[in-house]
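> Take this structure, written in structure tokens, and hold onto it; I'll ask about it next.
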Amino acid sequence: MKNVSDVDLRLLRIFVAVADAGGFAAAQAALNLGASTVSTQMAHLERRLGARLCERGRSGFRLTEKGRAVYDSARRLLEAVEGFRTEALALDARLAGDLRLGLVDATAGDPGSPVIDGLRRFGTRDHRVHLHLAIDTPARLEQRLLDGQLDLVVSAFPRHIAGLVYTPLYRERQVCYCGAGHRLFGAPDSPDLLAEMRRERLITRGYWNLGDLERLGLSEASASATVDCMEAQAILILSGGYIGFLPTHYAAPWQAAGRLYQLLPGLLGYDAPFEIVTRKGATVSRAAQLLIQDLQASRSPVAEPAPRA
């Protein structure tokens, strides 16, 4: 490996995570990657270095002699990269450099979200920060944070993973909907409605770890469609052929137009906790620290769930 690229740094971070976890399987949760992906990336790194880094078998996982040397060097390299980046930004008395923020989609219209007001506060500061704003799924945002591609993330997550620090920020109301033309559209709340809903085509958000199905008391096999973003969820519900959960602020315009209808909001509605996430052990830049402060200062009291139309 004559030159170290961004790809090489990513492979080294995966290798360090595997070594720290004591094996491929144990590292999957920390990396939020599947077993085949971890194995492929490790094999790629070994080809790049021309050496076998670890042994796996019935006796368990262990680093080879060369693997231990690479691990120690990789640790020093990754820490040095992070340290250089932080020190370089501190050379200027004013805030400067890059700030990489990750968000989940369809949050701009939420009156309870402090993100827009937080960015407005940050924008009033005297700075020369170049802001990079990425929209992705919660799982991808976590992975990009672990890979060092993002500095902080604001999103809701089905679970917490090792290697990241989660700080509560606000909550977003979620309710189950059907679209105009669906046979349950306009159905009044009743003891029988939940049983009726369980017989309908339900959408699950792939990144939400089957939480939508569990709220209805259904198994993974009950899903009729899977999506990875809120736009796709809304399209299928609006088609009138599916039911599924949406944030109430996102669904409000369609609900007001008579195109969406809430199903058992009192029973099935819930508040999804949104959190600020950073990488454990990483140096948080001054710009990121101040943006976090501005986000927290922009929080408003949790709004009551909107009344059902």
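Ordering of the structure tokens sets the chain letters (A, B, ...), residue numbers begin anew at 1 in every chain, and ligands are numbered from 1 in the order given.
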Hey, could you make a per-residue contact list for stretch 111-164 of chain A against stretch 12-34 of chain A with 12 Å as the cut-off, showing the nearest pair of atoms and its distance in Å to one decimal, counting only C-alpha atoms, sorted by chain and number, as JSON lines?

{"residue": "A:Pro138", "atom": "CA", "partner": "A:Asn32", "partner_atom": "CA", "distance": 10.4}
{"residue": "A:Ala139", "atom": "CA", "partner": "A:Asn32", "partner_atom": "CA", "distance": 6.9}
{"residue": "A:Arg140", "atom": "CA", "partner": "A:Asn32", "partner_atom": "CA", "distance": 8.3}
{"residue": "A:Leu141", "atom": "CA", "partner": "A:Asn32", "partner_atom": "CA", "distance": 10.1}
{"residue": "A:Glu142", "atom": "CA", "partner": "A:Asn32", "partner_atom": "CA", "distance": 7.5}
{"residue": "A:Gln143", "atom": "CA", "partner": "A:Asn32", "partner_atom": "CA", "distance": 6.3}
{"residue": "A:Arg144", "atom": "CA", "partner": "A:Leu31", "partner_atom": "CA", "distance": 9.6}
{"residue": "A:Leu145", "atom": "CA", "partner": "A:Leu31", "partner_atom": "CA", "distance": 9.9}
{"residue": "A:Leu146", "atom": "CA", "partner": "A:Leu31", "partner_atom": "CA", "distance": 7.0}
{"residue": "A:Asp147", "atom": "CA", "partner": "A:Arg13", "partner_atom": "CA", "distance": 6.6}
{"residue": "A:Gly148", "atom": "CA", "partner": "A:Arg13", "partner_atom": "CA", "distance": 8.8}
{"residue": "A:Gln149", "atom": "CA", "partner": "A:Arg13", "partner_atom": "CA", "distance": 11.6}
{"residue": "A:Arg159", "atom": "CA", "partner": "A:Ala29", "partner_atom": "CA", "distance": 10.2}
{"residue": "A:His160", "atom": "CA", "partner": "A:Ala29", "partner_atom": "CA", "distance": 9.2}
{"residue": "A:Ile161", "atom": "CA", "partner": "A:Ala30", "partner_atom": "CA", "distance": 5.5}
{"residue": "A:Ala162", "atom": "CA", "partner": "A:Ala30", "partner_atom": "CA", "distance": 4.8}
{"residue": "A:Gly163", "atom": "CA", "partner": "A:Ala30", "partner_atom": "CA", "distance": 6.0}
{"residue": "A:Leu164", "atom": "CA", "partner": "A:Ala30", "partner_atom": "CA", "distance": 8.4}
> Quick one: which stretch 95-153 of chain A residues come within 9 Å of stretch 240-260 of chain A, and what is the nearest atom pair for each with the distance in Å to one decimal, counting only C-alpha atoms, rows ordered by chain and ascending number, as CSV?

residue,atom,partner,partner_atom,distance
A:Ala106,CA,A:Tyr250,CA,6.9
A:Thr107,CA,A:Tyr250,CA,7.7
A:Ala108,CA,A:Tyr250,CA,8.8
A:Gly109,CA,A:His249,CA,6.4
A:Asp110,CA,A:His249,CA,5.4
A:Pro111,CA,A:His249,CA,7.6
> Could those residues be written to a file, using N, CA and C atoms, as a PDB file, in the first residue's frame?

ATOM      1  N   ALA A 106     -37.352  14.056   5.145  1.00  0.00           N
ATOM      2  CA  ALA A 106     -38.724  14.476   5.486  1.00  0.00           C
ATOM      3  C   ALA A 106     -38.860  15.033   6.898  1.00  0.00           C
ATOM      4  N   THR A 107     -37.922  15.877   7.311  1.00  0.00           N
ATOM      5  CA  THR A 107     -38.023  16.501   8.640  1.00  0.00           C
ATOM      6  C   THR A 107     -38.164  18.023   8.557  1.00  0.00           C
ATOM      7  N   ALA A 108     -38.006  18.596   7.367  1.00  0.00           N
ATOM      8  CA  ALA A 108     -37.987  20.061   7.240  1.00  0.00           C
ATOM      9  C   ALA A 108     -39.297  20.708   7.676  1.00  0.00           C
ATOM     10  N   GLY A 109     -40.414  20.002   7.505  1.00  0.00           N
ATOM     11  CA  GLY A 109     -41.710  20.587   7.833  1.00  0.00           C
ATOM     12  C   GLY A 109     -42.170  20.367   9.255  1.00  0.00           C
ATOM     13  N   ASP A 110     -41.336  19.771  10.088  1.00  0.00           N
ATOM     14  CA  ASP A 110     -41.738  19.476  11.468  1.00  0.00           C
ATOM     15  C   ASP A 110     -41.577  20.718  12.340  1.00  0.00           C
ATOM     16  N   PRO A 111     -42.685  21.303  12.827  1.00  0.00           N
ATOM     17  CA  PRO A 111     -42.566  22.498  13.671  1.00  0.00           C
ATOM     18  C   PRO A 111     -41.882  22.210  15.002  1.00  0.00           C
TER      19      PRO A 111
END
> Report, in Å with one decimal, the straight-line distance from atom CA of A:Ala234 to atom CA of A:Gly179.
9.1 Å
> Name the residues of stretch 8-92 of chain A that come out as helix (DSSP H, G or I) in a backbone DSSP run; write them as a PyMOL selection string.
chain A and resi 8-21+24-31+35-49+65-90
> Hey, what's within 8 Å of stretch 283-295 of chain A if we count only C-alpha atoms and toss same-chain stuff fewer than 2 positions away? As a PyMOL selection string, please?
chain A and resi 82-83+86+89-90+95-96+99+114-115+117-119+121-122+129+151-152+169+276+278+281+297-299
> Select from stretch 37-161 of chain A everything DSSP, run on the backbone, classes as strand (DSSP E or B), then give the selection as a PyMOL selection string.
chain A and resi 54-55+62-63+95-103+127-135+152-156
> Include N, CA and C atoms and write out the residues we just selected as a tab-separated table (two decimals), in the first residue's frame.

chain	number	residue	atom	x	y	z
A	54	CYS	N	-5.76	-11.91	10.10
A	54	CYS	CA	-6.40	-12.60	11.21
A	54	CYS	C	-6.71	-14.05	10.84
A	55	GLU	N	-6.94	-14.84	11.86
A	55	GLU	CA	-7.32	-16.24	11.69
A	55	GLU	C	-8.69	-16.45	12.32
A	62	ARG	N	-8.36	-14.54	16.11
A	62	ARG	CA	-7.11	-13.98	16.63
A	62	ARG	C	-6.38	-13.26	15.50
A	63	LEU	N	-5.66	-12.22	15.86
A	63	LEU	CA	-4.84	-11.50	14.90
A	63	LEU	C	-3.55	-12.27	14.65
A	95	LEU	N	-14.16	30.29	13.34
A	95	LEU	CA	-14.54	28.94	12.94
A	95	LEU	C	-14.26	28.76	11.46
A	96	ALA	N	-13.68	27.64	11.11
A	96	ALA	CA	-13.35	27.39	9.71
A	96	ALA	C	-13.33	25.89	9.46
A	97	GLY	N	-13.12	25.52	8.22
A	97	GLY	CA	-13.03	24.12	7.84
A	97	GLY	C	-14.37	23.57	7.39
A	98	ASP	N	-14.49	22.26	7.42
A	98	ASP	CA	-15.69	21.56	6.99
A	98	ASP	C	-16.48	21.05	8.18
A	99	LEU	N	-17.78	21.13	8.07
A	99	LEU	CA	-18.68	20.56	9.08
A	99	LEU	C	-19.68	19.69	8.36
A	100	ARG	N	-19.67	18.40	8.65
A	100	ARG	CA	-20.47	17.43	7.90
A	100	ARG	C	-21.61	16.91	8.78
A	101	LEU	N	-22.82	17.33	8.41
A	101	LEU	CA	-24.02	17.01	9.17
A	101	LEU	C	-24.89	16.04	8.39
A	102	GLY	N	-25.38	15.02	9.06
A	102	GLY	CA	-26.28	14.06	8.43
A	102	GLY	C	-27.67	14.11	9.04
A	103	LEU	N	-28.70	14.09	8.18
A	103	LEU	CA	-30.09	14.11	8.62
A	103	LEU	C	-30.86	13.02	7.92
A	127	HIS	N	-18.12	32.91	11.11
A	127	HIS	CA	-17.41	31.69	10.74
A	127	HIS	C	-17.16	31.62	9.23
A	128	ARG	N	-16.24	30.74	8.90
A	128	ARG	CA	-15.97	30.41	7.49
A	128	ARG	C	-16.10	28.89	7.29
A	129	VAL	N	-17.04	28.33	7.98
A	129	VAL	CA	-17.26	26.88	7.92
A	129	VAL	C	-18.00	26.52	6.64
A	130	HIS	N	-17.51	25.50	5.96
A	130	HIS	CA	-18.20	24.95	4.79
A	130	HIS	C	-19.07	23.79	5.27
A	131	LEU	N	-20.37	23.98	5.21
A	131	LEU	CA	-21.30	22.97	5.73
A	131	LEU	C	-21.66	21.97	4.63
A	132	HIS	N	-21.53	20.69	4.96
A	132	HIS	CA	-21.95	19.61	4.07
A	132	HIS	C	-23.16	18.95	4.72
A	133	LEU	N	-24.29	18.95	4.04
A	133	LEU	CA	-25.51	18.37	4.61
A	133	LEU	C	-25.91	17.14	3.80
A	134	ALA	N	-25.94	15.98	4.46
A	134	ALA	CA	-26.28	14.72	3.81
A	134	ALA	C	-27.62	14.20	4.32
A	135	ILE	N	-28.44	13.69	3.40
A	135	ILE	CA	-29.71	13.05	3.76
A	135	ILE	C	-29.58	11.57	3.46
A	152	LEU	N	-21.50	14.80	12.77
A	152	LEU	CA	-22.62	14.54	13.66
A	152	LEU	C	-23.87	14.26	12.84
A	153	VAL	N	-24.82	13.61	13.48
A	153	VAL	CA	-26.05	13.17	12.83
A	153	VAL	C	-27.23	13.51	13.73
A	154	VAL	N	-28.35	13.89	13.11
A	154	VAL	CA	-29.60	14.05	13.84
A	154	VAL	C	-30.63	13.16	13.17
A	155	SER	N	-31.14	12.19	13.90
A	155	SER	CA	-32.10	11.25	13.33
A	155	SER	C	-32.75	10.46	14.46
A	156	ALA	N	-33.74	9.65	14.09
A	156	ALA	CA	-34.33	8.67	15.01
A	156	ALA	C	-33.77	7.30	14.65
> By how many Å are atom CA of A:His182 and atom CA of A:Ile235 apart?
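Computed distance, atom CA of A:His182 to atom CA of A:Ile235, equals 13.6 Å.
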